[in-house]
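Chemist: Got a structure for you, my_file_21.cif, holding mmCIF, C-alpha atoms.
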data_input
#
loop_
_atom_site.group_PDB
_atom_site.id
_atom_site.type_symbol
_atom_site.label_atom_id
_atom_site.label_comp_id
_atom_site.auth_asym_id
_atom_site.auth_seq_id
_atom_site.Cartn_x
_atom_site.Cartn_y
_atom_site.Cartn_z
ATOM 1 C CA MET A 841 -28.888 -51.366 68.840
ATOM 2 C CA SER A 842 -29.549 -49.652 65.515
ATOM 3 C CA ILE A 843 -26.464 -48.587 63.523
ATOM 4 C CA LEU A 844 -28.125 -45.688 61.694
ATOM 5 C CA PRO A 845 -27.369 -43.105 64.434
ATOM 6 C CA LEU A 846 -23.688 -44.173 64.416
ATOM 7 C CA ILE A 847 -23.389 -43.712 60.634
ATOM 8 C CA ALA A 848 -24.976 -40.273 60.803
ATOM 9 C CA ALA A 849 -22.670 -39.236 63.652
ATOM 10 C CA SER A 850 -19.563 -40.328 61.746
ATOM 11 C CA LEU A 851 -20.558 -38.373 58.645
ATOM 12 C CA LEU A 852 -21.122 -35.180 60.621
ATOM 13 C CA ALA A 853 -18.098 -35.546 62.924
ATOM 14 C CA PRO A 854 -15.188 -33.061 62.518
ATOM 15 C CA SER A 855 -11.961 -34.247 60.849
ATOM 16 C CA THR A 856 -9.290 -35.516 63.224
ATOM 17 C CA THR A 857 -6.387 -35.289 60.749
ATOM 18 C CA THR A 858 -6.134 -31.520 60.533
ATOM 19 C CA GLY A 859 -7.876 -30.418 63.698
ATOM 20 C CA ALA A 860 -10.217 -28.200 61.697
ATOM 21 C CA ASN A 861 -13.859 -28.521 60.871
ATOM 22 C CA VAL A 862 -14.097 -29.854 57.314
ATOM 23 C CA ALA A 863 -17.436 -30.383 55.655
ATOM 24 C CA PRO A 864 -18.036 -33.772 54.171
ATOM 25 C CA ALA A 865 -17.370 -34.161 50.448
ATOM 26 C CA TRP A 866 -21.031 -34.442 49.622
ATOM 27 C CA LEU A 867 -21.611 -30.967 51.133
ATOM 28 C CA ALA A 868 -18.712 -29.253 49.208
ATOM 29 C CA PRO A 869 -19.734 -26.799 46.452
ATOM 30 C CA ALA A 870 -19.354 -27.998 42.891
ATOM 31 C CA PRO A 871 -16.298 -26.561 41.028
ATOM 32 C CA LEU A 872 -16.927 -23.731 38.585
ATOM 33 C CA LEU A 873 -16.317 -24.895 35.046
ATOM 34 C CA VAL A 874 -14.971 -22.125 32.748
ATOM 35 C CA THR A 875 -15.791 -22.987 29.197
ATOM 36 C CA GLU A 876 -14.723 -21.390 25.938
ATOM 37 C CA SER A 877 -18.238 -20.081 25.378
ATOM 38 C CA LEU A 878 -18.020 -18.009 28.592
ATOM 39 C CA ILE A 879 -14.808 -16.148 27.656
ATOM 40 C CA GLU A 880 -15.387 -15.854 23.925
ATOM 41 C CA PRO A 881 -17.694 -12.796 24.063
ATOM 42 C CA SER A 882 -15.127 -10.766 26.031
ATOM 43 C CA LEU A 883 -12.472 -11.323 23.366
ATOM 44 C CA ALA A 884 -14.715 -10.629 20.396
ATOM 45 C CA PRO A 885 -14.575 -6.798 20.567
ATOM 46 C CA GLU A 886 -10.758 -6.839 20.760
ATOM 47 C CA GLN A 887 -10.489 -9.122 17.748
ATOM 48 C CA HIS A 888 -12.875 -6.926 15.786
ATOM 49 C CA SER A 889 -10.908 -3.753 16.507
ATOM 50 C CA GLU A 890 -7.694 -5.499 15.490
ATOM 51 C CA ASN A 891 -9.201 -6.385 12.126
ATOM 52 C CA ARG A 892 -10.454 -2.832 11.610
ATOM 53 C CA ALA A 893 -6.982 -1.535 12.373
ATOM 54 C CA GLY A 894 -5.508 -3.524 9.506
ATOM 55 C CA SER A 895 -3.096 -5.560 11.590
ATOM 56 C CA SER A 896 -1.742 -7.622 8.666
ATOM 57 C CA ARG A 897 1.931 -7.073 8.024
ATOM 58 C CA GLY A 898 4.671 -8.508 5.849
ATOM 59 C CA TRP A 899 5.841 -8.456 2.242
ATOM 60 C CA TYR A 900 3.589 -7.757 -0.719
ATOM 61 C CA VAL A 901 3.648 -7.286 -4.508
ATOM 62 C CA ARG A 902 1.615 -4.638 -6.328
ATOM 63 C CA ALA A 903 0.825 -4.502 -10.061
ATOM 64 C CA SER A 904 -1.062 -1.540 -11.529
ATOM 65 C CA GLY A 905 -1.838 0.308 -14.726
ATOM 66 C CA GLY A 906 -2.985 3.831 -15.343
ATOM 67 C CA PHE A 907 -4.128 6.627 -17.591
ATOM 68 C CA VAL A 908 -1.646 9.515 -18.080
ATOM 69 C CA THR A 909 -3.167 12.956 -18.598
ATOM 70 C CA THR A 910 -0.161 15.282 -18.933
ATOM 71 C CA SER A 911 -1.353 18.500 -20.561
ATOM 72 C CA ASN A 912 1.867 20.118 -21.802
ATOM 73 C CA SER A 913 5.611 20.384 -21.284
ATOM 74 C CA ASP A 914 8.390 22.801 -22.173
ATOM 75 C CA GLY A 915 10.250 21.608 -25.271
ATOM 76 C CA PRO A 916 12.723 22.858 -27.892
ATOM 77 C CA GLY A 917 11.646 26.448 -28.259
ATOM 78 C CA GLU A 918 7.951 25.649 -27.963
ATOM 79 C CA GLU A 919 5.362 24.197 -25.641
ATOM 80 C CA ILE A 920 4.635 20.548 -26.377
ATOM 81 C CA ASP A 921 1.043 19.348 -26.206
ATOM 82 C CA PHE A 922 0.348 15.694 -25.376
ATOM 83 C CA ASP A 923 -2.344 13.175 -26.062
ATOM 84 C CA GLU A 924 -3.384 10.868 -23.248
ATOM 85 C CA GLY A 925 -1.002 7.990 -22.602
ATOM 86 C CA TYR A 926 -0.628 4.988 -20.333
ATOM 87 C CA MET A 927 1.345 3.914 -17.272
ATOM 88 C CA LEU A 928 2.521 0.522 -16.009
ATOM 89 C CA SER A 929 3.888 0.022 -12.503
ATOM 90 C CA LEU A 930 5.228 -2.849 -10.437
ATOM 91 C CA GLY A 931 6.005 -2.498 -6.739
ATOM 92 C CA VAL A 932 7.513 -4.671 -4.011
ATOM 93 C CA GLY A 933 7.078 -3.518 -0.438
ATOM 94 C CA HIS A 934 6.878 -4.359 3.240
ATOM 95 C CA ARG A 935 4.020 -3.285 5.503
ATOM 96 C CA PHE A 936 4.798 -2.856 9.196
ATOM 97 C CA GLY A 937 1.236 -3.290 10.447
ATOM 98 C CA ALA A 938 -0.929 -0.762 12.262
ATOM 99 C CA ASN A 939 -0.700 0.891 15.666
ATOM 100 C CA GLU A 940 -3.516 1.266 18.178
ATOM 101 C CA THR A 941 -5.001 4.157 16.180
ATOM 102 C CA GLY A 942 -5.360 1.998 13.063
ATOM 103 C CA ILE A 943 -2.669 3.844 11.064
ATOM 104 C CA GLY A 944 -0.270 1.576 9.163
ATOM 105 C CA PHE A 945 2.977 2.274 7.298
ATOM 106 C CA ALA A 946 4.719 0.598 4.366
ATOM 107 C CA VAL A 947 7.957 1.080 2.388
ATOM 108 C CA GLU A 948 7.854 0.174 -1.296
ATOM 109 C CA LEU A 949 10.256 -0.040 -4.235
ATOM 110 C CA ASP A 950 8.208 1.291 -7.161
ATOM 111 C CA GLY A 951 9.105 0.712 -10.812
ATOM 112 C CA ILE A 952 7.184 2.824 -13.322
ATOM 113 C CA TRP A 953 6.896 3.133 -17.114
ATOM 114 C CA THR A 954 4.852 5.756 -18.981
ATOM 115 C CA ASP A 955 4.279 6.374 -22.698
ATOM 116 C CA GLN A 956 2.756 9.466 -24.280
ATOM 117 C CA ASP A 957 2.436 10.724 -27.851
ATOM 118 C CA THR A 958 2.452 14.400 -28.660
ATOM 119 C CA SER A 959 -0.615 16.043 -30.110
ATOM 120 C CA ASP A 960 -0.824 17.452 -33.645
ATOM 121 C CA SER A 961 -3.260 20.135 -32.524
ATOM 122 C CA GLY A 962 -0.439 22.430 -31.485
ATOM 123 C CA GLY A 963 1.124 22.577 -34.972
ATOM 124 C CA LEU A 964 4.434 21.106 -36.082
ATOM 125 C CA GLN A 965 6.365 19.734 -33.102
ATOM 126 C CA ALA A 966 9.891 18.346 -33.035
ATOM 127 C CA VAL A 967 9.093 15.731 -30.379
ATOM 128 C CA ARG A 968 6.901 12.782 -31.412
ATOM 129 C CA ASP A 969 6.593 10.895 -28.102
ATOM 130 C CA ILE A 970 8.142 10.582 -24.649
ATOM 131 C CA ASN A 971 8.730 7.463 -22.580
ATOM 132 C CA VAL A 972 9.587 7.643 -18.877
ATOM 133 C CA ALA A 973 11.190 4.746 -16.977
ATOM 134 C CA GLY A 974 11.729 5.283 -13.263
ATOM 135 C CA ALA A 975 12.564 3.609 -9.968
ATOM 136 C CA LEU A 976 11.479 5.249 -6.715
ATOM 137 C CA ILE A 977 11.359 4.479 -3.002
ATOM 138 C CA ASP A 978 7.920 5.258 -1.558
ATOM 139 C CA GLY A 979 6.666 5.701 1.976
ATOM 140 C CA ILE A 980 2.941 4.924 2.254
ATOM 141 C CA VAL A 981 0.574 5.574 5.178
ATOM 142 C CA ASP A 982 -2.793 3.799 5.303
ATOM 143 C CA PHE A 983 -5.856 3.792 7.535
ATOM 144 C CA ARG A 984 -8.514 1.075 7.664
ATOM 145 C CA LEU A 985 -11.904 2.804 7.517
ATOM 146 C CA ALA A 986 -13.825 -0.468 7.790
ATOM 147 C CA ASP A 987 -13.180 -4.179 7.551
ATOM 148 C CA GLN A 988 -12.897 -3.960 3.760
ATOM 149 C CA PHE A 989 -11.964 -0.351 2.950
ATOM 150 C CA THR A 990 -8.674 1.531 3.387
ATOM 151 C CA ILE A 991 -7.476 5.003 2.420
ATOM 152 C CA TYR A 992 -3.796 5.595 1.700
ATOM 153 C CA ALA A 993 -1.369 8.404 0.859
ATOM 154 C CA GLY A 994 2.318 8.355 0.074
ATOM 155 C CA ALA A 995 5.340 10.072 -1.428
ATOM 156 C CA GLY A 996 8.440 8.811 -3.167
ATOM 157 C CA VAL A 997 11.789 9.919 -4.555
ATOM 158 C CA GLY A 998 14.126 8.263 -7.024
ATOM 159 C CA VAL A 999 15.506 8.475 -10.547
ATOM 160 C CA ALA A 1000 13.995 8.384 -14.040
ATOM 161 C CA TRP A 1001 15.172 8.024 -17.613
ATOM 162 C CA LEU A 1002 13.534 9.750 -20.591
ATOM 163 C CA ASP A 1003 13.382 8.452 -24.153
ATOM 164 C CA VAL A 1004 12.398 11.161 -26.628
ATOM 165 C CA GLY A 1005 11.212 10.271 -30.133
ATOM 166 C CA SER A 1006 11.564 12.983 -32.797
ATOM 167 C CA SER A 1007 9.375 13.766 -35.785
ATOM 168 C CA ASP A 1008 11.618 16.378 -37.444
ATOM 169 C CA ASP A 1009 14.550 15.453 -39.670
ATOM 170 C CA ASP A 1010 16.636 18.095 -37.926
ATOM 171 C CA LEU A 1011 16.123 16.341 -34.594
ATOM 172 C CA ASP A 1012 16.663 12.692 -35.381
ATOM 173 C CA SER A 1013 19.682 11.681 -33.338
ATOM 174 C CA PHE A 1014 19.432 12.815 -29.722
ATOM 175 C CA ASP A 1015 22.505 12.124 -27.623
ATOM 176 C CA ASP A 1016 22.246 9.478 -24.918
ATOM 177 C CA GLU A 1017 22.025 12.103 -22.193
ATOM 178 C CA ASP A 1018 18.572 10.889 -21.232
ATOM 179 C CA GLY A 1019 19.160 10.224 -17.547
ATOM 180 C CA PRO A 1020 19.122 9.394 -14.831
ATOM 181 C CA PHE A 1021 17.271 12.475 -13.639
ATOM 182 C CA LEU A 1022 15.851 13.235 -10.216
ATOM 183 C CA ALA A 1023 12.199 12.159 -9.948
ATOM 184 C CA TRP A 1024 9.620 12.389 -7.197
ATOM 185 C CA GLN A 1025 5.942 11.564 -6.868
ATOM 186 C CA LEU A 1026 2.866 11.935 -4.672
ATOM 187 C CA LYS A 1027 0.061 9.367 -4.561
ATOM 188 C CA GLY A 1028 -3.197 8.637 -2.786
ATOM 189 C CA GLY A 1029 -6.346 6.567 -3.108
ATOM 190 C CA ILE A 1030 -8.574 3.890 -1.633
ATOM 191 C CA GLY A 1031 -8.241 0.130 -1.240
ATOM 192 C CA TRP A 1032 -10.875 -2.581 -1.237
ATOM 193 C CA HIS A 1033 -9.772 -5.745 0.606
ATOM 194 C CA PHE A 1034 -11.089 -9.038 -0.726
ATOM 195 C CA THR A 1035 -9.089 -10.874 1.981
ATOM 196 C CA ASP A 1036 -6.350 -9.926 4.448
ATOM 197 C CA ARG A 1037 -3.797 -10.529 1.673
ATOM 198 C CA ILE A 1038 -5.524 -9.427 -1.551
ATOM 199 C CA ALA A 1039 -6.758 -5.898 -2.247
ATOM 200 C CA LEU A 1040 -7.855 -3.729 -5.162
ATOM 201 C CA VAL A 1041 -6.473 -0.164 -5.110
ATOM 202 C CA VAL A 1042 -7.688 2.824 -7.107
ATOM 203 C CA GLY A 1043 -5.925 6.170 -6.888
ATOM 204 C CA TYR A 1044 -4.068 9.153 -8.319
ATOM 205 C CA ARG A 1045 -0.377 9.925 -8.582
ATOM 206 C CA PHE A 1046 1.580 12.992 -9.642
ATOM 207 C CA LEU A 1047 4.983 12.214 -11.176
ATOM 208 C CA ASN A 1048 7.606 14.911 -11.662
ATOM 209 C CA VAL A 1049 10.891 14.481 -13.549
ATOM 210 C CA ASP A 1050 13.299 17.398 -13.121
ATOM 211 C CA ASP A 1051 14.442 19.377 -16.156
ATOM 212 C CA ALA A 1052 16.221 17.078 -18.615
ATOM 213 C CA GLU A 1053 18.588 18.549 -21.187
ATOM 214 C CA PHE A 1054 18.736 16.943 -24.627
ATOM 215 C CA ASP A 1055 21.236 17.593 -27.392
ATOM 216 C CA ASP A 1056 21.098 16.733 -31.070
ATOM 217 C CA ALA A 1057 24.567 15.890 -32.384
ATOM 218 C CA ASP A 1058 23.760 16.562 -36.057
ATOM 219 C CA SER A 1059 22.041 19.932 -35.834
ATOM 220 C CA ASP A 1060 23.757 21.180 -32.662
ATOM 221 C CA THR A 1061 20.330 21.732 -31.122
ATOM 222 C CA SER A 1062 19.636 21.422 -27.409
ATOM 223 C CA PHE A 1063 16.555 21.846 -25.286
ATOM 224 C CA ASP A 1064 15.284 21.328 -21.752
ATOM 225 C CA LEU A 1065 12.299 19.074 -21.170
ATOM 226 C CA GLU A 1066 10.204 19.493 -18.037
ATOM 227 C CA THR A 1067 7.923 16.512 -17.425
ATOM 228 C CA GLN A 1068 4.979 16.490 -15.015
ATOM 229 C CA GLN A 1069 2.440 13.692 -15.321
ATOM 230 C CA HIS A 1070 -1.010 13.309 -13.767
ATOM 231 C CA ILE A 1071 -1.940 9.625 -13.561
ATOM 232 C CA LEU A 1072 -5.151 7.815 -12.666
ATOM 233 C CA GLU A 1073 -4.377 4.197 -11.766
ATOM 234 C CA ALA A 1074 -5.839 0.917 -10.552
ATOM 235 C CA GLY A 1075 -4.092 -2.235 -9.422
ATOM 236 C CA LEU A 1076 -3.969 -5.332 -7.249
ATOM 237 C CA ILE A 1077 -1.912 -6.020 -4.118
ATOM 238 C CA PHE A 1078 -0.917 -9.571 -3.196
ATOM 239 C CA GLY A 1079 0.514 -10.174 0.304
ATOM 240 C CA PHE A 1080 2.703 -13.108 1.304
#
Will you turn the file into structure tokens for me?
Modeler:
Amino acid sequence: MSILPLIAASLLAPSTTTGANVAPAWLAPAPLLVTESLIEPSLAPEQHSENRAGSSRGWYVRASGGFVTTSNSDGPGEEIDFDEGYMLSLGVGHRFGANETGIGFAVELDGIWTDQDTSDSGGLQAVRDINVAGALIDGIVDFRLADQFTIYAGAGVGVAWLDVGSSDDDLDSFDDEDGPFLAWQLKGGIGWHFTDRIALVVGYRFLNVDDAEFDDADSDTSFDLETQQHILEAGLIFGF
């Protein structure tokens, strides 16, 4: 008798271990293999939107310099005209990342120094130059327009000290009542991101120092100085 019919019958016979009809292994469908290449396209849009939202967060350091364009200020019995000056600023802050709308928020401790000489065009002036040294706490909101570009706006409040240099012999020994005075500022600009942790920022800030009263001990002269500075600045941000 030939054994081929017996082999075929055994391969097609139902399983006796479970009592159910089970197809032979060679008839079972091949398992579906899920590879990384199959799921990668579905995650790509989400990753892209996260980058556009500016999801980086953490501590950073900012260093910037600027061009001060204060036009005038109230001085000792006259209006003081200024030449253009300069500004230096160093900030340390923490960025809390961005929400689903792409809007991020940061808190920054901002140290600022400005220097301006008075102008001779307004005639004889008692004040020769003014230096401002301040420390402010800023809140900054940013929005990532594209993978490399961000716009930002912020406001800060703190204290400032004024150092007034005199050019008149009658005003040559101002008392040390040069601060601290209440100071506040507004700022805004754009950022260009070289990487997730390094960016170039270019912007504008308005710095206001509340009326400061100065007294001259020798001539018994006093005056109030109102300081408002318009500053164009550029700087670098380094995240870590």
Chemist: Near region 1025-1042 of chain A, counting all atoms listed in the file, which residues have an atom at most 10 Å away, once you skip same-chain residues fewer than 5 positions from it, shown as a PyMOL selection string?
Modeler: chain A and resi 891+894-906+976-998+1047-1049+1068-1080
Chemist: So how far away is CA of Val908 (chain A) from CA of Ala975 (chain A), in Å?
Modeler: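 CA of Val908 (chain A) lies at a distance of 17.4 Å from CA of Ala975 (chain A).
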Chemist: Going by the chain IDs and residue numbers used in this file, which residues fall under the PyMOL selection byres ((chain A and resi 948) around 7)? Write them as a PyMOL selection string.
Modeler: chain A and resi 931-934+946-947+949-950+977-979
Chemist: What does the distance between CA of Gly1043 (chain A) and CA of Gly974 (chain A) come to in Å, to one decimal place?
Modeler: 18.8 Å
Chemist: Give me the residues within 9 Å of Val972 (chain A) as a PyMOL selection string, counting all atoms listed in the file and dropping any in the same chain fewer than 2 places off.
Modeler: chain A and resi 952-956+970+974+1000-1004+1049
Chemist: Report, in Å with one decimal, the straight-line distance from CA of Gly937 (chain A) to CA of Ala1023 (chain A).
Modeler: 27.8 Å
Chemist: What residues come out when you apply the PyMOL selection byres ((chain A and resi 942) around 7) to this file, written as a ChimeraX atom specification?
Modeler: /A:893-894,938-941,943-944,983-984
